[in-house]
>>> print(open('upload_1.txt').read())   # compact mmCIF, C-alpha atoms
# COMPACT_ATOMS: atom_id res chain seq x y z
CA MET A 30 -16.51 4.37 6.53
CA THR A 31 -14.87 2.56 3.64
CA SER A 32 -11.85 0.56 4.76
CA ALA A 33 -8.45 0.97 3.19
CA GLY A 34 -8.54 -2.73 2.35
CA ALA A 35 -11.75 -2.34 0.38
CA ARG A 36 -10.35 0.64 -1.50
CA TRP A 37 -7.19 -1.31 -2.28
CA LEU A 38 -9.24 -4.24 -3.58
CA CYS A 39 -11.24 -1.87 -5.77
CA GLY A 40 -8.02 -0.36 -7.09
CA LEU A 41 -6.78 -3.84 -7.92
CA ALA A 42 -10.08 -4.59 -9.65
CA ALA A 43 -9.65 -1.43 -11.73
CA GLN A 44 -6.19 -2.59 -12.79
CA LEU A 45 -7.48 -6.04 -13.73
CA MET A 46 -10.50 -4.80 -15.65
CA PRO A 47 -9.95 -4.79 -19.44
CA PRO A 48 -9.60 -1.30 -20.93
CA SER A 49 -13.02 -1.52 -22.57
CA ARG A 50 -14.55 -1.96 -19.10
CA ARG A 51 -12.60 0.68 -17.16
CA ALA A 52 -15.68 2.90 -16.77
CA TRP A 53 -17.35 0.05 -14.90
CA ALA A 54 -14.39 -0.28 -12.58
CA THR A 55 -14.72 3.44 -11.83
CA ALA A 56 -18.43 2.95 -11.19
CA MET A 57 -17.77 0.12 -8.73
CA ALA A 58 -15.06 2.08 -6.96
CA ALA A 59 -17.40 5.07 -6.67
CA GLU A 60 -20.20 2.91 -5.31
CA ILE A 61 -18.03 1.60 -2.53
CA ALA A 62 -17.60 5.10 -1.16
CA HIS A 63 -21.34 5.18 -0.47
CA LEU A 64 -21.41 2.04 1.66
CA GLY A 65 -21.58 2.68 5.36
CA ASP A 66 -20.38 -0.61 6.77
CA ALA A 67 -16.70 -1.52 6.41
CA ARG A 68 -17.42 -5.26 6.36
CA GLU A 69 -20.03 -4.78 3.68
CA ALA A 70 -17.59 -2.64 1.73
CA ARG A 71 -14.99 -5.41 1.83
CA ARG A 72 -17.52 -7.96 0.55
CA PHE A 73 -18.53 -5.54 -2.18
CA ALA A 74 -14.89 -4.94 -3.12
CA LEU A 75 -14.15 -8.68 -3.25
CA GLY A 76 -17.09 -9.05 -5.61
CA CYS A 77 -15.70 -6.24 -7.77
CA LEU A 78 -12.38 -8.05 -7.89
CA ALA A 79 -14.10 -11.28 -8.97
CA ALA A 80 -16.06 -9.37 -11.63
CA ALA A 81 -12.90 -7.73 -12.94
CA LEU A 82 -11.10 -11.07 -13.10
CA ALA A 83 -14.02 -12.68 -14.93
CA GLU A 84 -14.17 -9.80 -17.41
CA ARG A 85 -10.43 -10.02 -17.98
CA CYS A 86 -10.69 -13.77 -18.70
CA ARG A 87 -13.68 -13.17 -20.97
CA ASP A 88 -12.13 -10.26 -22.85
CA ALA A 89 -11.49 -11.16 -26.49
CA ASP A 90 -8.76 -8.52 -26.86
CA THR A 91 -6.89 -9.90 -23.86
CA ALA A 92 -7.10 -13.45 -25.18
CA ARG A 93 -5.88 -12.34 -28.60
CA ARG A 94 -2.97 -10.42 -27.09
CA ASP A 95 -2.01 -13.36 -24.86
CA GLY A 96 -2.11 -15.67 -27.89
CA LEU A 97 0.10 -13.32 -29.90
CA TRP A 98 2.51 -13.13 -26.96
CA ALA A 99 2.67 -16.93 -26.79
CA VAL A 100 3.54 -17.21 -30.50
CA ALA A 101 6.01 -14.33 -30.07
CA LEU A 102 7.78 -16.15 -27.23
CA VAL A 103 8.08 -19.35 -29.28
CA THR A 104 9.39 -17.31 -32.23
CA ALA A 105 11.91 -15.60 -29.94
CA GLY A 106 13.03 -19.06 -28.77
CA PHE A 107 13.73 -20.08 -32.36
CA ALA A 108 15.57 -16.78 -32.88
CA VAL A 109 17.80 -17.40 -29.86
CA ASP A 110 18.53 -20.90 -31.12
CA ARG A 111 19.46 -19.55 -34.56
CA LEU A 112 21.62 -16.78 -33.09
CA SER A 113 23.43 -19.30 -30.89
CA CYS A 114 24.21 -21.30 -34.06
CA ALA A 115 25.45 -18.08 -35.66
CA ALA A 116 27.61 -17.35 -32.61
CA HIS A 117 29.18 -20.80 -32.90
CA GLY A 118 29.76 -20.18 -36.63
CA LEU A 119 31.39 -16.83 -35.91
CA ALA A 120 33.66 -18.49 -33.38
CA VAL A 121 34.69 -21.07 -36.01
CA LEU A 122 35.33 -18.28 -38.52
CA GLY A 123 37.49 -16.68 -35.84
CA GLY A 124 39.61 -19.80 -35.54
CA ALA A 125 37.79 -22.07 -33.13
CA PRO A 126 37.92 -25.82 -33.90
CA ASP A 127 35.20 -27.16 -36.24
CA GLY A 128 34.38 -30.87 -35.87
CA MET A 129 32.30 -30.83 -39.05
CA LEU A 130 35.19 -29.54 -41.14
CA ALA A 131 37.56 -32.11 -39.62
CA ALA A 132 35.15 -34.93 -40.51
CA LEU A 133 34.72 -33.66 -44.06
CA MET A 134 38.46 -33.34 -44.53
CA ARG A 135 38.80 -37.03 -43.64
CA HIS A 136 35.99 -38.35 -45.84
CA ASP A 137 35.41 -35.83 -48.66
CA PRO A 138 38.09 -33.15 -49.14
CA ALA A 139 36.19 -31.56 -52.06
CA ALA A 140 33.09 -31.12 -49.92
CA ALA A 141 35.25 -29.70 -47.13
CA GLU A 142 36.50 -27.02 -49.50
CA ALA A 143 32.95 -26.12 -50.56
CA TYR A 144 31.91 -26.14 -46.90
CA GLN A 145 34.62 -23.67 -45.99
CA ALA A 146 33.69 -21.41 -48.90
CA ALA A 147 30.00 -21.41 -47.97
CA ARG A 148 30.53 -20.99 -44.24
CA PRO A 149 30.63 -17.15 -44.11
CA LEU A 150 27.41 -16.97 -46.16
CA VAL A 151 25.65 -19.51 -43.91
CA VAL A 152 26.77 -17.76 -40.74
CA ALA A 153 25.64 -14.38 -42.12
CA ALA A 154 22.31 -15.97 -43.05
CA PHE A 155 21.92 -17.35 -39.52
CA VAL A 156 22.61 -13.91 -38.03
CA ALA A 157 20.09 -12.31 -40.39
CA LEU A 158 17.55 -15.05 -39.74
CA GLY A 159 17.88 -14.69 -35.98
CA ILE A 160 17.44 -10.93 -36.21
CA ALA A 161 14.43 -11.27 -38.55
CA GLN A 162 12.85 -13.79 -36.17
CA LEU A 163 13.49 -11.52 -33.18
CA LEU A 164 11.85 -8.66 -35.06
CA SER A 165 8.92 -10.93 -35.90
CA ALA A 166 8.55 -11.81 -32.23
CA TRP A 167 8.69 -8.14 -31.23
CA PHE A 168 6.06 -7.10 -33.77
CA LEU A 169 3.81 -9.97 -32.70
CA SER A 170 4.06 -8.99 -29.05
CA ARG A 171 3.06 -5.45 -30.01
CA GLY A 172 0.17 -6.68 -32.17
CA ARG A 173 1.72 -5.04 -35.26
CA LEU A 174 0.63 -7.74 -37.68
CA ARG A 175 1.59 -5.90 -40.86
CA ASP A 176 5.15 -5.34 -39.66
CA PHE A 177 5.20 -8.94 -38.47
CA ALA A 178 4.16 -10.17 -41.93
CA ILE A 179 7.03 -8.23 -43.54
CA SER A 180 9.65 -9.49 -41.08
CA ALA A 181 8.30 -13.07 -41.25
CA ALA A 182 8.48 -12.95 -45.06
CA ALA A 183 12.06 -11.68 -44.81
CA ALA A 184 12.85 -14.52 -42.38
CA LEU A 185 11.41 -17.03 -44.84
CA VAL A 186 13.56 -15.69 -47.68
CA ILE A 187 16.67 -15.76 -45.49
CA ALA A 188 15.87 -19.27 -44.23
CA THR A 189 15.49 -20.48 -47.81
CA ALA A 190 18.85 -18.95 -48.73
CA ALA A 191 20.53 -20.53 -45.69
CA VAL A 192 19.07 -23.95 -46.44
CA ALA A 193 19.99 -23.68 -50.13
CA ALA A 194 23.59 -22.79 -49.24
CA GLN A 195 23.86 -25.79 -46.92
CA LEU A 196 22.20 -28.18 -49.39
CA ALA A 197 24.65 -27.06 -52.05
CA VAL A 198 27.53 -28.33 -49.93
CA VAL A 199 26.88 -31.50 -48.00
CA TRP A 200 23.60 -31.58 -46.31
CA THR A 201 20.59 -33.69 -47.34
CA PRO A 202 17.83 -33.23 -44.79
CA GLU A 203 15.38 -36.05 -44.06
CA THR A 204 13.00 -33.80 -42.17
CA LEU A 205 11.97 -30.16 -42.49
CA PRO A 206 15.08 -28.01 -41.88
CA SER A 207 15.03 -26.22 -38.51
CA GLU A 208 15.33 -22.86 -40.29
CA PHE A 209 11.66 -23.24 -41.23
CA HIS A 210 10.31 -24.36 -37.85
CA ALA A 211 9.42 -20.87 -36.62
CA GLY A 212 7.56 -20.16 -39.85
CA VAL A 213 5.61 -23.41 -39.56
CA VAL A 214 4.58 -22.56 -35.98
CA GLN A 215 3.48 -19.09 -37.07
CA LEU A 216 1.67 -20.44 -40.11
CA LEU A 217 -0.30 -22.91 -38.01
CA ALA A 218 -0.89 -20.86 -34.87
CA LEU A 219 -1.64 -17.35 -36.10
CA PRO A 220 -4.53 -18.00 -38.51
CA ALA A 221 -6.12 -20.27 -35.89
CA LEU A 222 -5.64 -17.64 -33.18
CA LEU A 223 -7.00 -14.79 -35.29
CA ALA A 224 -10.00 -16.82 -36.46
CA TRP A 225 -10.75 -17.94 -32.91
CA SER A 226 -10.40 -14.37 -31.66
CA TRP A 227 -12.75 -13.11 -34.34
CA HIS A 228 -15.38 -15.75 -33.52
CA ARG A 229 -15.04 -15.05 -29.82
CA ARG A 230 -15.58 -11.34 -30.36
CA ARG A 231 -18.68 -12.06 -32.44
CA ALA A 232 -19.99 -14.45 -29.80
CA PHE A 233 -19.37 -11.80 -27.15
CA GLU A 234 -21.31 -9.21 -29.13
CA GLU A 235 -24.23 -11.57 -29.72
CA ASP A 236 -24.21 -13.04 -26.24
CA ALA A 237 -27.30 -12.85 -24.12
CA PRO A 238 -26.90 -10.88 -20.91
CA MET B 161 -31.80 -8.20 -29.22
CA PRO B 162 -30.17 -11.17 -27.47
CA ALA B 163 -30.93 -14.52 -29.07
CA ARG B 164 -30.61 -16.73 -26.00
CA ARG B 165 -32.54 -17.02 -22.78
CA PRO B 166 -31.19 -14.80 -20.01
CA SER B 167 -29.58 -16.37 -16.96
CA PRO B 168 -31.52 -16.64 -13.69
CA GLN B 169 -29.30 -13.87 -12.27
CA THR B 170 -30.19 -11.61 -15.18
CA LEU B 171 -33.87 -12.33 -14.64
CA ARG B 172 -33.50 -11.22 -11.02
CA VAL B 173 -31.89 -7.98 -12.10
CA LEU B 174 -34.55 -7.39 -14.75
CA ALA B 175 -37.28 -8.15 -12.21
CA ALA B 176 -35.75 -5.61 -9.82
CA LEU B 177 -35.39 -2.91 -12.48
CA LEU B 178 -38.75 -3.39 -14.21
CA PRO B 179 -41.29 -2.18 -11.60
CA ARG B 180 -39.78 1.34 -11.50
CA ALA B 181 -38.26 1.27 -14.94
CA GLY B 182 -38.04 5.06 -15.22
CA ASP B 183 -36.12 5.52 -11.97
CA TRP B 184 -32.33 5.60 -11.77
CA ARG B 185 -31.02 2.89 -9.47
CA HIS B 186 -27.65 2.38 -7.82
CA GLY B 187 -25.58 -0.78 -7.82
CA TYR B 188 -25.71 -1.29 -4.07
CA ASP B 189 -29.49 -0.87 -4.01
CA LEU B 190 -29.79 -3.52 -6.72
CA ILE B 191 -27.59 -5.84 -4.67
CA GLY B 192 -30.03 -5.46 -1.80
CA GLU B 193 -33.06 -6.06 -4.01
CA THR B 194 -31.71 -9.01 -5.98
CA GLY B 195 -29.61 -10.68 -3.30
CA LEU B 196 -26.79 -10.98 -5.84
CA ALA B 197 -23.17 -10.33 -4.94
CA SER B 198 -21.45 -7.39 -6.58
CA GLY B 199 -19.30 -9.87 -8.52
CA THR B 200 -22.45 -11.23 -10.14
CA LEU B 201 -24.49 -8.06 -10.43
CA TYR B 202 -22.00 -5.87 -12.26
CA PRO B 203 -21.22 -8.34 -15.07
CA VAL B 204 -24.99 -8.68 -15.61
CA LEU B 205 -25.31 -4.89 -15.78
CA MET B 206 -22.40 -4.77 -18.24
CA ARG B 207 -24.04 -7.37 -20.51
CA LEU B 208 -27.37 -5.52 -20.38
CA ALA B 209 -25.66 -2.23 -21.24
CA ASP B 210 -23.72 -3.90 -24.08
CA GLN B 211 -27.03 -4.99 -25.58
CA GLY B 212 -28.55 -1.52 -25.29
CA LEU B 213 -31.04 -2.77 -22.70
CA LEU B 214 -29.67 -0.67 -19.86
CA GLU B 215 -28.54 2.93 -19.71
CA ALA B 216 -26.18 4.37 -17.15
CA THR B 217 -25.45 7.87 -15.93
CA TRP B 218 -23.23 9.56 -13.37
CA GLN B 219 -25.21 11.33 -10.67
CA PRO B 220 -23.79 14.10 -8.49
CA PRO B 221 -23.12 13.06 -4.89
CA GLN B 222 -25.86 13.66 -2.34
CA ARG B 223 -23.43 14.31 0.50
CA PRO B 224 -20.35 16.51 0.47
CA GLY B 225 -17.03 14.80 -0.19
CA ALA B 226 -18.55 11.70 -1.74
CA PRO B 227 -17.75 10.84 -5.35
CA PRO B 228 -20.39 10.88 -8.11
CA ARG B 229 -22.43 7.72 -8.26
CA HIS B 230 -23.24 5.52 -11.25
CA ALA B 231 -26.96 4.89 -11.72
CA TYR B 232 -28.86 2.55 -14.03
CA ARG B 233 -32.25 2.10 -15.60
CA LEU B 234 -33.77 0.04 -18.38
CA THR B 235 -34.05 1.52 -21.84
CA GLN B 236 -37.30 1.14 -23.79
CA ALA B 237 -35.81 -1.91 -25.48
CA GLY B 238 -34.78 -3.13 -22.04
CA VAL B 239 -38.32 -2.83 -20.70
CA ALA B 240 -39.67 -4.81 -23.66
CA TYR B 241 -36.95 -7.40 -23.22
CA ALA B 242 -37.56 -7.66 -19.47
CA LEU B 243 -41.29 -8.14 -19.96
CA ALA B 244 -40.73 -10.85 -22.55
CA ALA B 245 -37.97 -12.56 -20.58
CA ILE B 246 -39.92 -12.65 -17.34
CA ALA B 247 -43.05 -13.89 -19.14
CA ALA B 248 -41.03 -16.57 -20.91
CA ALA B 249 -39.42 -17.64 -17.65
CA ALA B 250 -42.82 -17.98 -16.03
CA ALA B 251 -44.21 -20.00 -18.95
CA PRO B 252 -43.63 -23.79 -19.28
CA ARG B 253 -40.32 -24.46 -21.05
CA ASP B 254 -41.39 -26.39 -24.14
CA ASP B 255 -38.77 -24.62 -26.30
CA PRO B 256 -35.50 -24.60 -24.36
CA GLY B 257 -33.52 -22.90 -27.09
CA GLY B 258 -36.26 -20.47 -27.98
CA VAL B 259 -35.57 -16.93 -29.06
CA MET B 260 -36.70 -14.18 -26.80
CA ALA B 261 -38.92 -11.49 -28.24
>>> encode(input="upload_1.txt", output="structure tokens")
Amino acid sequence: MTSAGARWLCGLAAQLMPPSRRAWATAMAAEIAHLGDAREARRFALGCLAAALAERCRDADTARRDGLWAVALVTAGFAVDRLSCAAHGLAVLGGAPDGMLAALMRHDPAAAEAYQAARPLVVAAFVALGIAQLLSAWFLSRGRLRDFAISAAAALVIATAAVAAQLAVVWTPETLPSEFHAGVVQLLALPALLAWSWHRRRAFEEDAP
Amino acid sequence: MPARRPSPQTLRVLAALLPRAGDWRHGYDLIGETGLASGTLYPVLMRLADQGLLEATWQPPQRPGAPPRHAYRLTQAGVAYALAAIAAAAAPRDDPGGVMA
């Protein structure tokens, strides 16, 4: 008689098994029904669980998806940061105190005027950039690379506009502006991930049994 | 055809399947014959099937109420591979990275 524990373990193994291997999970679960000894069935089911876990770790599609998710999470982090900047800007536009403006008024009244004029455009650009980055993260997590490429390109254009608007007023950056950080991460991580995933798939196909 | 030497576990599975290469065999029977755990046996079977060296089929249950059972046997390519792999494993290893037949 197959124990409930063994059947549960086999069910768990079926859940863990990558989609390309689901037929094997079914085969293992079916085999367990033909074992007479409950203890033997449990050992068999534990082995199935180990096999499913190993296949999941070895699965190129799973690794690729996890990698895309990781880049998506980082991108979403940048988006949240940008949207929080936009929220602060909207609060200032709504009348909240602005330390930057106060400082400019003291040291460079002309720049303060330009700063005030550019502020709505910069805030709008931050909102748009945050949304574009969130969309990029969403498309990455879904594996929709074409849609991601479009939204990432839009984010790059918006980031360039935001940086240009700020540079036109007061700001002279010594390092790469933070608007471009998400794009740099994507530019470095995604080609490496996709190339690695492709090589891993090829290695899997050519692997000896 | 795989380009690398098979693992010792794969050799045990091939050695178990080869003598009655035309017969369908079940996973649990192979566990008994090879001494491998199910967690080792099934990945080996998957790799062999991926390479076209093993074929699998669902067999109707032999007792009422039981589910169909998955059965395995070597393909023609699998028989050739098994013969070459077992012969190579028995031979002195003067070419560790050698290509199997």
>>> atom_distance(input="upload_1.txt", atom1="CA of Ala175 (chain B)", atom2="CA of Ala247 (chain B)")
10.7 Å
>>> atom_distance(input="upload_1.txt", atom1="CA of Val121 (chain A)", atom2="CA of Glu208 (chain A)")
19.9 Å
>>> residues_near_point(input="upload_1.txt", point="(27.7, -13.7, -39.1)", cutoff="9 Å", atoms="all atoms listed in the file", output="MDAnalysis selection string")
chainID A and resid 115:116 118:119 122 149:157
>>> write_last_selection(input="upload_1.txt", atoms="C-alpha atoms", output="PDB file, keeping the file's coordinate frame")
ATOM      1  CA  ALA A 115      25.450 -18.080 -35.660  1.00  0.00           C
ATOM      2  CA  ALA A 116      27.610 -17.350 -32.610  1.00  0.00           C
ATOM      3  CA  GLY A 118      29.760 -20.180 -36.630  1.00  0.00           C
ATOM      4  CA  LEU A 119      31.390 -16.830 -35.910  1.00  0.00           C
ATOM      5  CA  LEU A 122      35.330 -18.280 -38.520  1.00  0.00           C
ATOM      6  CA  PRO A 149      30.630 -17.150 -44.110  1.00  0.00           C
ATOM      7  CA  LEU A 150      27.410 -16.970 -46.160  1.00  0.00           C
ATOM      8  CA  VAL A 151      25.650 -19.510 -43.910  1.00  0.00           C
ATOM      9  CA  VAL A 152      26.770 -17.760 -40.740  1.00  0.00           C
ATOM     10  CA  ALA A 153      25.640 -14.380 -42.120  1.00  0.00           C
ATOM     11  CA  ALA A 154      22.310 -15.970 -43.050  1.00  0.00           C
ATOM     12  CA  PHE A 155      21.920 -17.350 -39.520  1.00  0.00           C
ATOM     13  CA  VAL A 156      22.610 -13.910 -38.030  1.00  0.00           C
ATOM     14  CA  ALA A 157      20.090 -12.310 -40.390  1.00  0.00           C
TER      15      ALA A 157
END
>>> residues_near_point(input="upload_1.txt", point="(31.6, -34.9, -46.4)", cutoff="12 Å", atoms="all atoms listed in the file", output="PDB file with C-alpha atoms, in the coordinates of the input")
ATOM      1  CA  GLY A 128      34.380 -30.870 -35.870  1.00  0.00           C
ATOM      2  CA  MET A 129      32.300 -30.830 -39.050  1.00  0.00           C
ATOM      3  CA  LEU A 130      35.190 -29.540 -41.140  1.00  0.00           C
ATOM      4  CA  ALA A 131      37.560 -32.110 -39.620  1.00  0.00           C
ATOM      5  CA  ALA A 132      35.150 -34.930 -40.510  1.00  0.00           C
ATOM      6  CA  LEU A 133      34.720 -33.660 -44.060  1.00  0.00           C
ATOM      7  CA  MET A 134      38.460 -33.340 -44.530  1.00  0.00           C
ATOM      8  CA  ARG A 135      38.800 -37.030 -43.640  1.00  0.00           C
ATOM      9  CA  HIS A 136      35.990 -38.350 -45.840  1.00  0.00           C
ATOM     10  CA  ASP A 137      35.410 -35.830 -48.660  1.00  0.00           C
ATOM     11  CA  PRO A 138      38.090 -33.150 -49.140  1.00  0.00           C
ATOM     12  CA  ALA A 139      36.190 -31.560 -52.060  1.00  0.00           C
ATOM     13  CA  ALA A 140      33.090 -31.120 -49.920  1.00  0.00           C
ATOM     14  CA  ALA A 141      35.250 -29.700 -47.130  1.00  0.00           C
ATOM     15  CA  GLU A 142      36.500 -27.020 -49.500  1.00  0.00           C
ATOM     16  CA  ALA A 143      32.950 -26.120 -50.560  1.00  0.00           C
ATOM     17  CA  TYR A 144      31.910 -26.140 -46.900  1.00  0.00           C
ATOM     18  CA  GLN A 145      34.620 -23.670 -45.990  1.00  0.00           C
ATOM     19  CA  GLN A 195      23.860 -25.790 -46.920  1.00  0.00           C
ATOM     20  CA  LEU A 196      22.200 -28.180 -49.390  1.00  0.00           C
ATOM     21  CA  ALA A 197      24.650 -27.060 -52.050  1.00  0.00           C
ATOM     22  CA  VAL A 198      27.530 -28.330 -49.930  1.00  0.00           C
ATOM     23  CA  VAL A 199      26.880 -31.500 -48.000  1.00  0.00           C
ATOM     24  CA  TRP A 200      23.600 -31.580 -46.310  1.00  0.00           C
ATOM     25  CA  THR A 201      20.590 -33.690 -47.340  1.00  0.00           C
TER      26      THR A 201
END
>>> interface_residues(input="upload_1.txt", of="chain A", to="chain B", cutoff="10 Å", atoms="only C-alpha atoms", output="ChimeraX atom specification")
/A:50,52-64,72-84,233-238
>>> atom_distance(input="upload_1.txt", atom1="CA of Val173 (chain B)", atom2="CA of Tyr232 (chain B)")
11.1 Å
>>> residues_around(input="upload_1.txt", residues="region 215-222 of chain A", least_positions_apart="2", cutoff="9 Å", atoms="only C-alpha atoms", output="list in words")
Arg93, Gly96, Leu97, Val100, Ala101, Thr104, Ala181, His210, Ala211, Gly212, Val213, Ala224, Trp225, Ser226 and Trp227 of chain A
>>> closest_residue(input="upload_1.txt", among="A:Arg171, A:Pro206, A:Ala178, A:His228", to="Arg94 (chain A)", atoms="all atoms listed in the file")
A:Arg171
